[in-house]
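run.txt, holding compact mmCIF, N, CA and C atoms:
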# COMPACT_ATOMS: atom_id res chain seq x y z
N MET T 1 -9.38 -26.80 116.07
CA MET T 1 -8.90 -25.44 116.15
C MET T 1 -8.06 -25.35 117.41
N ALA T 2 -6.76 -25.32 117.24
CA ALA T 2 -5.85 -25.28 118.37
C ALA T 2 -5.14 -23.94 118.43
N GLU T 3 -4.89 -23.48 119.65
CA GLU T 3 -4.18 -22.22 119.86
C GLU T 3 -2.97 -22.48 120.75
N GLU T 4 -1.87 -21.81 120.46
CA GLU T 4 -0.68 -21.93 121.31
C GLU T 4 -0.81 -21.08 122.57
N VAL T 5 -1.58 -20.01 122.50
CA VAL T 5 -1.71 -19.08 123.62
C VAL T 5 -2.71 -19.61 124.64
N GLY T 6 -2.58 -19.09 125.86
CA GLY T 6 -3.55 -19.38 126.91
C GLY T 6 -4.64 -18.33 126.89
N VAL T 7 -5.20 -18.04 128.04
CA VAL T 7 -6.26 -17.04 128.09
C VAL T 7 -5.73 -15.61 128.10
N GLU T 8 -4.41 -15.47 128.35
CA GLU T 8 -3.75 -14.16 128.35
C GLU T 8 -4.51 -13.18 129.26
N THR T 9 -4.97 -12.04 128.72
CA THR T 9 -5.66 -11.03 129.53
C THR T 9 -7.17 -11.26 129.59
N ARG T 10 -7.65 -12.37 129.03
CA ARG T 10 -9.08 -12.63 128.95
C ARG T 10 -9.56 -13.60 130.03
N GLY T 11 -8.83 -13.70 131.14
CA GLY T 11 -9.17 -14.67 132.18
C GLY T 11 -10.58 -14.55 132.71
N ALA T 12 -11.01 -13.34 133.05
CA ALA T 12 -12.36 -13.15 133.61
C ALA T 12 -13.42 -13.56 132.59
N PHE T 13 -13.22 -13.19 131.33
CA PHE T 13 -14.16 -13.58 130.28
C PHE T 13 -14.18 -15.10 130.12
N TYR T 14 -13.00 -15.69 130.01
CA TYR T 14 -12.93 -17.12 129.74
C TYR T 14 -13.48 -17.94 130.90
N GLU T 15 -13.31 -17.45 132.10
CA GLU T 15 -13.83 -18.16 133.27
C GLU T 15 -15.36 -18.28 133.20
N GLN T 16 -16.00 -17.34 132.55
CA GLN T 16 -17.46 -17.36 132.39
C GLN T 16 -17.92 -18.18 131.18
N THR T 17 -17.06 -18.35 130.18
CA THR T 17 -17.48 -19.01 128.93
C THR T 17 -16.87 -20.39 128.74
N GLY T 18 -15.56 -20.51 128.87
CA GLY T 18 -14.88 -21.77 128.61
C GLY T 18 -14.84 -22.08 127.13
N ALA T 19 -14.19 -23.17 126.80
CA ALA T 19 -14.00 -23.55 125.40
C ALA T 19 -15.31 -23.93 124.71
N LEU T 20 -16.22 -24.53 125.45
CA LEU T 20 -17.48 -24.96 124.82
C LEU T 20 -18.29 -23.78 124.29
N ILE T 21 -18.41 -22.74 125.08
CA ILE T 21 -19.18 -21.58 124.63
C ILE T 21 -18.34 -20.69 123.72
N ASP T 22 -17.10 -20.39 124.13
CA ASP T 22 -16.27 -19.47 123.35
C ASP T 22 -15.97 -20.00 121.96
N MET T 23 -15.61 -21.25 121.85
CA MET T 23 -15.17 -21.77 120.55
C MET T 23 -16.16 -22.73 119.90
N VAL T 24 -16.64 -23.72 120.63
CA VAL T 24 -17.53 -24.71 120.00
C VAL T 24 -18.83 -24.06 119.58
N GLN T 25 -19.53 -23.44 120.52
CA GLN T 25 -20.83 -22.85 120.22
C GLN T 25 -20.71 -21.67 119.25
N ASN T 26 -19.77 -20.78 119.49
CA ASN T 26 -19.70 -19.54 118.72
C ASN T 26 -18.98 -19.66 117.38
N HIS T 27 -18.08 -20.62 117.21
CA HIS T 27 -17.28 -20.68 115.99
C HIS T 27 -17.35 -22.03 115.28
N LEU T 28 -17.09 -23.11 116.01
CA LEU T 28 -16.96 -24.40 115.34
C LEU T 28 -18.29 -24.96 114.84
N LEU T 29 -19.38 -24.65 115.51
CA LEU T 29 -20.68 -25.08 114.97
C LEU T 29 -21.00 -24.34 113.67
N GLN T 30 -20.52 -23.11 113.52
CA GLN T 30 -20.69 -22.40 112.24
C GLN T 30 -19.96 -23.14 111.12
N ILE T 31 -18.75 -23.60 111.41
CA ILE T 31 -17.98 -24.34 110.40
C ILE T 31 -18.66 -25.66 110.09
N LEU T 32 -19.13 -26.37 111.12
CA LEU T 32 -19.85 -27.62 110.88
C LEU T 32 -21.04 -27.37 109.97
N CYS T 33 -21.78 -26.29 110.22
CA CYS T 33 -22.94 -25.98 109.38
C CYS T 33 -22.54 -25.73 107.94
N MET T 34 -21.45 -25.01 107.72
CA MET T 34 -21.02 -24.71 106.35
C MET T 34 -20.61 -25.97 105.60
N VAL T 35 -19.99 -26.91 106.31
CA VAL T 35 -19.57 -28.16 105.69
C VAL T 35 -20.77 -29.06 105.41
N ALA T 36 -21.71 -29.14 106.35
CA ALA T 36 -22.76 -30.15 106.28
C ALA T 36 -24.08 -29.67 105.67
N MET T 37 -24.23 -28.37 105.44
CA MET T 37 -25.54 -27.90 104.96
C MET T 37 -25.80 -28.34 103.53
N GLU T 38 -27.07 -28.48 103.24
CA GLU T 38 -27.50 -28.76 101.87
C GLU T 38 -27.24 -27.53 101.01
N PRO T 39 -27.03 -27.70 99.73
CA PRO T 39 -26.80 -26.52 98.88
C PRO T 39 -28.01 -25.57 98.96
N PRO T 40 -27.75 -24.30 99.22
CA PRO T 40 -28.86 -23.35 99.28
C PRO T 40 -29.43 -23.09 97.88
N ALA T 41 -30.69 -22.76 97.81
CA ALA T 41 -31.33 -22.47 96.51
C ALA T 41 -30.77 -21.19 95.90
N SER T 42 -30.26 -20.30 96.75
CA SER T 42 -29.64 -19.06 96.28
C SER T 42 -28.57 -18.66 97.28
N LEU T 43 -27.83 -17.62 96.98
CA LEU T 43 -26.81 -17.14 97.90
C LEU T 43 -27.32 -15.99 98.78
N GLU T 44 -28.62 -15.85 98.84
CA GLU T 44 -29.22 -14.87 99.73
C GLU T 44 -28.95 -15.27 101.18
N SER T 45 -28.70 -14.30 102.03
CA SER T 45 -28.34 -14.59 103.42
C SER T 45 -29.41 -15.40 104.15
N GLY T 46 -30.67 -15.11 103.90
CA GLY T 46 -31.75 -15.85 104.56
C GLY T 46 -31.77 -17.31 104.16
N GLU T 47 -31.49 -17.60 102.91
CA GLU T 47 -31.46 -18.98 102.44
C GLU T 47 -30.29 -19.74 103.07
N ILE T 48 -29.14 -19.11 103.13
CA ILE T 48 -27.98 -19.75 103.76
C ILE T 48 -28.25 -19.99 105.24
N ARG T 49 -28.81 -18.99 105.91
CA ARG T 49 -29.16 -19.13 107.32
C ARG T 49 -30.11 -20.31 107.52
N ASP T 50 -31.12 -20.43 106.66
CA ASP T 50 -32.09 -21.51 106.81
C ASP T 50 -31.44 -22.88 106.65
N ARG T 51 -30.49 -23.02 105.72
CA ARG T 51 -29.81 -24.31 105.54
C ARG T 51 -28.92 -24.62 106.74
N LYS T 52 -28.31 -23.60 107.34
CA LYS T 52 -27.50 -23.81 108.53
C LYS T 52 -28.38 -24.21 109.71
N VAL T 53 -29.54 -23.60 109.83
CA VAL T 53 -30.48 -23.95 110.90
C VAL T 53 -30.93 -25.41 110.73
N ASP T 54 -31.12 -25.85 109.49
CA ASP T 54 -31.49 -27.24 109.25
C ASP T 54 -30.44 -28.18 109.85
N VAL T 55 -29.17 -27.84 109.67
CA VAL T 55 -28.09 -28.66 110.23
C VAL T 55 -28.17 -28.66 111.75
N LEU T 56 -28.29 -27.49 112.34
CA LEU T 56 -28.35 -27.41 113.80
C LEU T 56 -29.52 -28.21 114.37
N LYS T 57 -30.66 -28.15 113.69
CA LYS T 57 -31.83 -28.91 114.15
C LYS T 57 -31.63 -30.42 114.02
N SER T 58 -30.74 -30.84 113.13
CA SER T 58 -30.54 -32.27 112.92
C SER T 58 -29.49 -32.88 113.85
N ILE T 59 -28.81 -32.06 114.66
CA ILE T 59 -27.81 -32.61 115.58
C ILE T 59 -28.48 -33.56 116.55
N ARG T 60 -27.95 -34.76 116.61
CA ARG T 60 -28.50 -35.79 117.50
C ARG T 60 -28.35 -35.35 118.95
N ARG T 61 -29.40 -35.44 119.71
CA ARG T 61 -29.37 -35.08 121.12
C ARG T 61 -28.63 -36.18 121.89
N ILE T 62 -27.86 -35.75 122.86
CA ILE T 62 -27.09 -36.68 123.68
C ILE T 62 -27.71 -36.67 125.08
N SER T 63 -28.09 -37.82 125.55
CA SER T 63 -28.67 -37.88 126.90
C SER T 63 -27.55 -37.68 127.93
N ALA T 64 -27.92 -37.18 129.07
CA ALA T 64 -26.94 -36.85 130.12
C ALA T 64 -26.06 -38.04 130.47
N ASP T 65 -26.62 -39.24 130.50
CA ASP T 65 -25.83 -40.41 130.88
C ASP T 65 -24.90 -40.89 129.75
N GLN T 66 -25.01 -40.31 128.57
CA GLN T 66 -24.16 -40.71 127.43
C GLN T 66 -23.11 -39.66 127.06
N VAL T 67 -23.10 -38.52 127.74
CA VAL T 67 -22.20 -37.42 127.37
C VAL T 67 -20.74 -37.88 127.32
N SER T 68 -20.31 -38.70 128.29
CA SER T 68 -18.91 -39.13 128.33
C SER T 68 -18.52 -40.00 127.12
N HIS T 69 -19.49 -40.52 126.39
CA HIS T 69 -19.20 -41.29 125.18
C HIS T 69 -19.01 -40.39 123.96
N TYR T 70 -19.42 -39.14 124.06
CA TYR T 70 -19.40 -38.22 122.93
C TYR T 70 -18.54 -36.98 123.14
N ALA T 71 -18.17 -36.69 124.37
CA ALA T 71 -17.47 -35.43 124.63
C ALA T 71 -16.42 -35.61 125.72
N VAL T 72 -15.40 -34.77 125.63
CA VAL T 72 -14.36 -34.73 126.65
C VAL T 72 -13.97 -33.26 126.84
N ARG T 73 -13.64 -32.92 128.06
CA ARG T 73 -13.18 -31.56 128.35
C ARG T 73 -11.96 -31.64 129.24
N GLY T 74 -11.12 -30.62 129.15
CA GLY T 74 -9.90 -30.60 129.95
C GLY T 74 -9.46 -29.18 130.20
N GLN T 75 -8.35 -29.07 130.92
CA GLN T 75 -7.85 -27.76 131.32
C GLN T 75 -6.32 -27.83 131.30
N TYR T 76 -5.69 -26.83 130.69
CA TYR T 76 -4.22 -26.88 130.64
C TYR T 76 -3.62 -26.60 132.01
N GLY T 77 -2.54 -27.30 132.28
CA GLY T 77 -1.82 -27.13 133.54
C GLY T 77 -0.48 -26.49 133.28
N PRO T 78 0.30 -26.29 134.34
CA PRO T 78 1.62 -25.70 134.16
C PRO T 78 2.54 -26.65 133.41
N GLY T 79 3.53 -26.08 132.73
CA GLY T 79 4.46 -26.91 131.98
C GLY T 79 5.53 -26.07 131.31
N ILE T 80 6.21 -26.69 130.37
CA ILE T 80 7.27 -26.03 129.61
C ILE T 80 6.81 -25.95 128.15
N ILE T 81 6.83 -24.74 127.59
CA ILE T 81 6.47 -24.54 126.19
C ILE T 81 7.65 -23.85 125.51
N ASN T 82 8.19 -24.52 124.50
CA ASN T 82 9.36 -24.00 123.78
C ASN T 82 10.48 -23.61 124.73
N GLY T 83 10.71 -24.45 125.75
CA GLY T 83 11.79 -24.22 126.70
C GLY T 83 11.51 -23.18 127.77
N VAL T 84 10.30 -22.62 127.78
CA VAL T 84 9.95 -21.56 128.74
C VAL T 84 8.87 -22.09 129.69
N GLU T 85 9.07 -21.84 130.98
CA GLU T 85 8.07 -22.25 131.96
C GLU T 85 6.76 -21.51 131.71
N SER T 86 5.66 -22.23 131.81
CA SER T 86 4.35 -21.66 131.49
C SER T 86 3.36 -21.95 132.60
N LYS T 87 2.50 -20.97 132.91
CA LYS T 87 1.47 -21.12 133.94
C LYS T 87 0.39 -22.09 133.48
N GLY T 88 -0.24 -22.70 134.46
CA GLY T 88 -1.44 -23.45 134.20
C GLY T 88 -2.64 -22.51 134.20
N TYR T 89 -3.78 -22.98 133.72
CA TYR T 89 -4.98 -22.15 133.65
C TYR T 89 -5.33 -21.55 135.01
N ARG T 90 -5.28 -22.35 136.06
CA ARG T 90 -5.66 -21.87 137.39
C ARG T 90 -4.69 -20.85 137.98
N GLN T 91 -3.52 -20.70 137.38
CA GLN T 91 -2.55 -19.71 137.83
C GLN T 91 -2.66 -18.40 137.03
N GLU T 92 -3.50 -18.37 136.00
CA GLU T 92 -3.66 -17.17 135.17
C GLU T 92 -4.43 -16.10 135.96
N ASN T 93 -4.23 -14.83 135.60
CA ASN T 93 -4.94 -13.72 136.25
C ASN T 93 -6.45 -13.84 136.01
N GLY T 94 -7.22 -13.64 137.06
CA GLY T 94 -8.68 -13.65 136.95
C GLY T 94 -9.31 -15.03 136.99
N ILE T 95 -8.51 -16.06 137.29
CA ILE T 95 -9.04 -17.43 137.31
C ILE T 95 -9.10 -17.92 138.75
N ALA T 96 -10.22 -18.52 139.11
CA ALA T 96 -10.39 -19.09 140.45
C ALA T 96 -9.42 -20.26 140.64
N PRO T 97 -8.79 -20.38 141.79
CA PRO T 97 -7.81 -21.45 142.01
C PRO T 97 -8.43 -22.86 141.96
N ASP T 98 -9.74 -22.95 142.10
CA ASP T 98 -10.42 -24.25 142.02
C ASP T 98 -11.31 -24.34 140.77
N SER T 99 -11.00 -23.53 139.76
CA SER T 99 -11.82 -23.46 138.55
C SER T 99 -12.01 -24.82 137.88
N ASN T 100 -13.19 -25.04 137.37
CA ASN T 100 -13.52 -26.24 136.61
C ASN T 100 -13.79 -25.89 135.14
N THR T 101 -13.47 -24.68 134.72
CA THR T 101 -13.72 -24.22 133.36
C THR T 101 -12.80 -24.94 132.39
N GLU T 102 -13.37 -25.44 131.30
CA GLU T 102 -12.58 -26.19 130.32
C GLU T 102 -11.85 -25.24 129.37
N THR T 103 -10.58 -25.59 129.08
CA THR T 103 -9.80 -24.87 128.07
C THR T 103 -9.58 -25.76 126.86
N PHE T 104 -10.03 -27.00 126.94
CA PHE T 104 -10.00 -27.96 125.84
C PHE T 104 -11.35 -28.65 125.80
N ALA T 105 -11.89 -28.81 124.60
CA ALA T 105 -13.15 -29.55 124.44
C ALA T 105 -13.11 -30.30 123.13
N ALA T 106 -13.61 -31.50 123.15
CA ALA T 106 -13.76 -32.31 121.94
C ALA T 106 -15.14 -32.95 122.00
N VAL T 107 -15.87 -32.87 120.89
CA VAL T 107 -17.22 -33.41 120.84
C VAL T 107 -17.40 -34.17 119.53
N LYS T 108 -18.06 -35.32 119.61
CA LYS T 108 -18.43 -36.07 118.42
C LYS T 108 -19.92 -35.86 118.19
N PHE T 109 -20.23 -35.22 117.07
CA PHE T 109 -21.62 -34.95 116.71
C PHE T 109 -22.08 -35.92 115.63
N TYR T 110 -23.35 -36.24 115.67
CA TYR T 110 -24.01 -36.95 114.57
C TYR T 110 -25.18 -36.10 114.12
N LEU T 111 -25.39 -36.06 112.81
CA LEU T 111 -26.52 -35.34 112.24
C LEU T 111 -27.55 -36.36 111.79
N ASP T 112 -28.73 -36.26 112.32
CA ASP T 112 -29.79 -37.19 111.94
C ASP T 112 -30.57 -36.62 110.76
N ASN T 113 -29.96 -36.76 109.59
CA ASN T 113 -30.61 -36.41 108.34
C ASN T 113 -30.18 -37.40 107.27
N GLU T 114 -30.80 -37.34 106.13
CA GLU T 114 -30.55 -38.36 105.10
C GLU T 114 -29.10 -38.38 104.62
N ARG T 115 -28.51 -37.23 104.38
CA ARG T 115 -27.16 -37.18 103.82
C ARG T 115 -26.09 -37.63 104.81
N TRP T 116 -26.21 -37.28 106.07
CA TRP T 116 -25.13 -37.50 107.02
C TRP T 116 -25.44 -38.55 108.08
N GLN T 117 -26.46 -39.35 107.89
CA GLN T 117 -26.83 -40.37 108.88
C GLN T 117 -25.63 -41.26 109.21
N ASP T 118 -25.33 -41.39 110.50
CA ASP T 118 -24.27 -42.24 111.04
C ASP T 118 -22.85 -41.83 110.64
N VAL T 119 -22.67 -40.58 110.20
CA VAL T 119 -21.34 -40.04 109.90
C VAL T 119 -20.93 -39.17 111.08
N PRO T 120 -19.81 -39.50 111.75
CA PRO T 120 -19.39 -38.67 112.89
C PRO T 120 -18.71 -37.39 112.42
N PHE T 121 -18.98 -36.31 113.13
CA PHE T 121 -18.29 -35.03 112.96
C PHE T 121 -17.54 -34.76 114.25
N TYR T 122 -16.23 -34.69 114.18
CA TYR T 122 -15.41 -34.45 115.36
C TYR T 122 -15.01 -32.98 115.40
N VAL T 123 -15.29 -32.33 116.51
CA VAL T 123 -14.98 -30.92 116.70
C VAL T 123 -14.08 -30.82 117.92
N ARG T 124 -12.93 -30.16 117.74
CA ARG T 124 -11.97 -30.03 118.85
C ARG T 124 -11.42 -28.62 118.91
N THR T 125 -11.17 -28.15 120.12
CA THR T 125 -10.54 -26.86 120.31
C THR T 125 -9.79 -26.87 121.64
N GLY T 126 -8.71 -26.10 121.70
CA GLY T 126 -7.96 -26.03 122.94
C GLY T 126 -6.98 -24.87 122.97
N LYS T 127 -6.71 -24.42 124.16
CA LYS T 127 -5.71 -23.37 124.39
C LYS T 127 -4.42 -24.02 124.88
N LYS T 128 -3.30 -23.31 124.66
CA LYS T 128 -1.96 -23.77 125.05
C LYS T 128 -1.66 -25.15 124.47
N MET T 129 -1.99 -25.31 123.20
CA MET T 129 -1.69 -26.55 122.51
C MET T 129 -0.28 -26.45 121.91
N LYS T 130 0.26 -27.55 121.46
CA LYS T 130 1.63 -27.59 120.95
C LYS T 130 1.85 -26.60 119.82
N GLU T 131 0.88 -26.47 118.94
CA GLU T 131 0.99 -25.53 117.83
C GLU T 131 -0.39 -24.99 117.48
N LYS T 132 -0.40 -23.82 116.84
CA LYS T 132 -1.66 -23.22 116.41
C LYS T 132 -2.01 -23.79 115.03
N HIS T 133 -3.20 -24.31 114.92
CA HIS T 133 -3.68 -24.77 113.62
C HIS T 133 -5.20 -24.89 113.63
N SER T 134 -5.75 -24.70 112.47
CA SER T 134 -7.18 -24.89 112.24
C SER T 134 -7.29 -25.70 110.96
N TYR T 135 -8.08 -26.73 110.98
CA TYR T 135 -8.23 -27.51 109.77
C TYR T 135 -9.55 -28.26 109.77
N ILE T 136 -9.96 -28.59 108.57
CA ILE T 136 -11.13 -29.43 108.34
C ILE T 136 -10.64 -30.62 107.55
N THR T 137 -10.91 -31.80 108.03
CA THR T 137 -10.53 -33.02 107.32
C THR T 137 -11.81 -33.75 106.97
N ILE T 138 -11.95 -34.08 105.71
CA ILE T 138 -13.10 -34.85 105.26
C ILE T 138 -12.57 -36.14 104.66
N GLN T 139 -13.01 -37.26 105.18
CA GLN T 139 -12.57 -38.55 104.68
C GLN T 139 -13.75 -39.21 103.98
N PHE T 140 -13.65 -39.30 102.67
CA PHE T 140 -14.72 -39.90 101.89
C PHE T 140 -14.50 -41.41 101.81
N LYS T 141 -15.58 -42.13 101.83
CA LYS T 141 -15.53 -43.58 101.67
C LYS T 141 -15.98 -43.91 100.26
N PRO T 142 -15.45 -44.96 99.70
CA PRO T 142 -15.88 -45.32 98.34
C PRO T 142 -17.35 -45.74 98.32
N LEU T 143 -18.01 -45.37 97.25
CA LEU T 143 -19.41 -45.78 97.08
C LEU T 143 -19.44 -47.21 96.59
N PRO T 144 -20.42 -47.97 97.02
CA PRO T 144 -20.54 -49.34 96.51
C PRO T 144 -20.83 -49.27 94.99
N HIS T 145 -20.21 -50.14 94.25
CA HIS T 145 -20.42 -50.16 92.80
C HIS T 145 -21.81 -50.72 92.49
N SER T 146 -22.48 -50.04 91.59
CA SER T 146 -23.79 -50.55 91.20
C SER T 146 -23.60 -51.54 90.07
N THR T 147 -24.43 -52.58 90.03
CA THR T 147 -24.30 -53.60 88.99
C THR T 147 -25.44 -53.56 88.03
So, in terms of structure tokens, how does the structure I just supplied come out?
Amino acid sequence: MAEEVGVETRGAFYEQTGALIDMVQNHLLQILCMVAMEPPASLESGEIRDRKVDVLKSIRRISADQVSHYAVRGQYGPGIINGVESKGYRQENGIAPDSNTETFAAVKFYLDNERWQDVPFYVRTGKKMKEKHSYITIQFKPLPHST
């Protein structure tokens, strides 16, 4: 989920949340749940919620010393966008000049359940990206032929 815009007038809010909380936790994990959940027994909201919770509970825990193998974070800097000079994150209104808040985050998740064992789920989001787009890509592998 990429956005062309920066934090705009939301600097104070974004400084407290960053991309991990604003987008990964609040939005992209919902999408991951919808893609990976088992079919619900009904379309009742409680049943759908329970299947999504099953997905969240199956996310493989990452130990602190392994985080760099599964996640990356970054922050947009000053540059030129469509021929126009653009501020970096630290130059935006409401942002600390030494801020460490991420405006880009990418995480590789694994779900420890029968259906998705050892299948990576890549989740990415960023502000001030080249173009705005949101997409889900699913790459299926051929099943081994039974004899």
Record the distance separating CA of Tyr135 (chain T) and CA of Val119 (chain T), expressed in Å with one decimal.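 Calculated distance between CA of Tyr135 (chain T) and CA of Val119 (chain T) is 18.1 Å.
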Skip region 7-20 of chain T itself and residues of its chain fewer than 4 positions away, then list as an MDAnalysis selection string all residues within 7 Å of it, counting only N, CA and C atoms. chainID T and resid 24:26 89 92:96 101:105 125:128
How far is it from atom N of Ser63 (chain T) to CA of Ser99 (chain T), in Å with one decimal?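 So the two atoms, atom N of Ser63 (chain T) and CA of Ser99 (chain T), lie 25.3 Å apart.
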**Prompt:** Which value, in Å to one decimal, gives the distance between atom C of His133 (chain T) and atom N of Glu4 (chain T)?
**Reply:**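 Separation of atom C of His133 (chain T) and atom N of Glu4 (chain T): 8.2 Å.
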Subject >> DSSP strand (DSSP E or B) residues within region 49-140 of chain T, listed as number ranges by chain >> reply: T: 59, 71-74, 79-81, 84-86, 104-111, 120-126, 133
Residues from the last selection, N, CA and C atoms, saved as a compact mmCIF listing (two decimals), in the coordinates of the input:
# COMPACT_ATOMS: atom_id res chain seq x y z
N ILE T 59 -28.81 -32.06 114.66
CA ILE T 59 -27.81 -32.61 115.58
C ILE T 59 -28.48 -33.56 116.55
N ALA T 71 -18.17 -36.69 124.37
CA ALA T 71 -17.47 -35.43 124.63
C ALA T 71 -16.42 -35.61 125.72
N VAL T 72 -15.40 -34.77 125.63
CA VAL T 72 -14.36 -34.73 126.65
C VAL T 72 -13.97 -33.26 126.84
N ARG T 73 -13.64 -32.92 128.06
CA ARG T 73 -13.18 -31.56 128.35
C ARG T 73 -11.96 -31.64 129.24
N GLY T 74 -11.12 -30.62 129.15
CA GLY T 74 -9.90 -30.60 129.95
C GLY T 74 -9.46 -29.18 130.20
N GLY T 79 3.53 -26.08 132.73
CA GLY T 79 4.46 -26.91 131.98
C GLY T 79 5.53 -26.07 131.31
N ILE T 80 6.21 -26.69 130.37
CA ILE T 80 7.27 -26.03 129.61
C ILE T 80 6.81 -25.95 128.15
N ILE T 81 6.83 -24.74 127.59
CA ILE T 81 6.47 -24.54 126.19
C ILE T 81 7.65 -23.85 125.51
N VAL T 84 10.30 -22.62 127.78
CA VAL T 84 9.95 -21.56 128.74
C VAL T 84 8.87 -22.09 129.69
N GLU T 85 9.07 -21.84 130.98
CA GLU T 85 8.07 -22.25 131.96
C GLU T 85 6.76 -21.51 131.71
N SER T 86 5.66 -22.23 131.81
CA SER T 86 4.35 -21.66 131.49
C SER T 86 3.36 -21.95 132.60
N PHE T 104 -10.03 -27.00 126.94
CA PHE T 104 -10.00 -27.96 125.84
C PHE T 104 -11.35 -28.65 125.80
N ALA T 105 -11.89 -28.81 124.60
CA ALA T 105 -13.15 -29.55 124.44
C ALA T 105 -13.11 -30.30 123.13
N ALA T 106 -13.61 -31.50 123.15
CA ALA T 106 -13.76 -32.31 121.94
C ALA T 106 -15.14 -32.95 122.00
N VAL T 107 -15.87 -32.87 120.89
CA VAL T 107 -17.22 -33.41 120.84
C VAL T 107 -17.40 -34.17 119.53
N LYS T 108 -18.06 -35.32 119.61
CA LYS T 108 -18.43 -36.07 118.42
C LYS T 108 -19.92 -35.86 118.19
N PHE T 109 -20.23 -35.22 117.07
CA PHE T 109 -21.62 -34.95 116.71
C PHE T 109 -22.08 -35.92 115.63
N TYR T 110 -23.35 -36.24 115.67
CA TYR T 110 -24.01 -36.95 114.57
C TYR T 110 -25.18 -36.10 114.12
N LEU T 111 -25.39 -36.06 112.81
CA LEU T 111 -26.52 -35.34 112.24
C LEU T 111 -27.55 -36.36 111.79
N PRO T 120 -19.81 -39.50 111.75
CA PRO T 120 -19.39 -38.67 112.89
C PRO T 120 -18.71 -37.39 112.42
N PHE T 121 -18.98 -36.31 113.13
CA PHE T 121 -18.29 -35.03 112.96
C PHE T 121 -17.54 -34.76 114.25
N TYR T 122 -16.23 -34.69 114.18
CA TYR T 122 -15.41 -34.45 115.36
C TYR T 122 -15.01 -32.98 115.40
N VAL T 123 -15.29 -32.33 116.51
CA VAL T 123 -14.98 -30.92 116.70
C VAL T 123 -14.08 -30.82 117.92
N ARG T 124 -12.93 -30.16 117.74
CA ARG T 124 -11.97 -30.03 118.85
C ARG T 124 -11.42 -28.62 118.91
N THR T 125 -11.17 -28.15 120.12
CA THR T 125 -10.54 -26.86 120.31
C THR T 125 -9.79 -26.87 121.64
N GLY T 126 -8.71 -26.10 121.70
CA GLY T 126 -7.96 -26.03 122.94
C GLY T 126 -6.98 -24.87 122.97
N HIS T 133 -3.20 -24.31 114.92
CA HIS T 133 -3.68 -24.77 113.62
C HIS T 133 -5.20 -24.89 113.63
field: Near-Cys33 (chain T) list (6 Å; all atoms listed in the file; drop same-chain fewer than 4 positions) as a ChimeraX atom specification
entry: /T:28-29,37,52,55
Practice item. From a DSSP pass on the backbone, collect the residues of chain T flagged as helix (DSSP H, G or I) and hand them back as JSON, numbers by chain. Key: {"T": [11, 12, 13, 14, 15, 16, 17, 18, 19, 20, 21, 22, 23, 24, 25, 26, 27, 28, 29, 30, 31, 32, 33, 34, 35, 36, 45, 46, 47, 48, 49, 50, 51, 52, 53, 54, 55, 56, 57, 58, 64, 65, 66, 67, 68, 69, 70, 89, 90, 91]}
Hey, what's within 8 Å of Asn113 (chain T) if we count only N, CA and C atoms and toss same-chain stuff fewer than 5 positions away? As an mmCIF file with N, CA and C atoms, in the coordinates of the input, please?
data_model
loop_
_atom_site.group_PDB
_atom_site.id
_atom_site.type_symbol
_atom_site.label_atom_id
_atom_site.label_comp_id
_atom_site.auth_asym_id
_atom_site.auth_seq_id
_atom_site.Cartn_x
_atom_site.Cartn_y
_atom_site.Cartn_z
ATOM 1 N N LYS T 57 -30.660 -28.150 113.690
ATOM 2 C CA LYS T 57 -31.830 -28.910 114.150
ATOM 3 C C LYS T 57 -31.630 -30.420 114.020
ATOM 4 N N SER T 58 -30.740 -30.840 113.130
ATOM 5 C CA SER T 58 -30.540 -32.270 112.920
ATOM 6 C C SER T 58 -29.490 -32.880 113.850
ATOM 7 N N ILE T 59 -28.810 -32.060 114.660
ATOM 8 C CA ILE T 59 -27.810 -32.610 115.580
ATOM 9 C C ILE T 59 -28.480 -33.560 116.550
ATOM 10 N N ARG T 60 -27.950 -34.760 116.610
ATOM 11 C CA ARG T 60 -28.500 -35.790 117.500
ATOM 12 C C ARG T 60 -28.350 -35.350 118.950
ATOM 13 N N ASP T 118 -25.330 -41.390 110.500
ATOM 14 C CA ASP T 118 -24.270 -42.240 111.040
ATOM 15 C C ASP T 118 -22.850 -41.830 110.640
#
### Task
Counting only C-alpha atoms, figure out which residue out of T:Pro144, T:Gly46, T:Pro39, T:Gly77 gets nearest to Gly6 (chain T).
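Closest to Gly6 (chain T), using only C-alpha atoms: T:Gly77.
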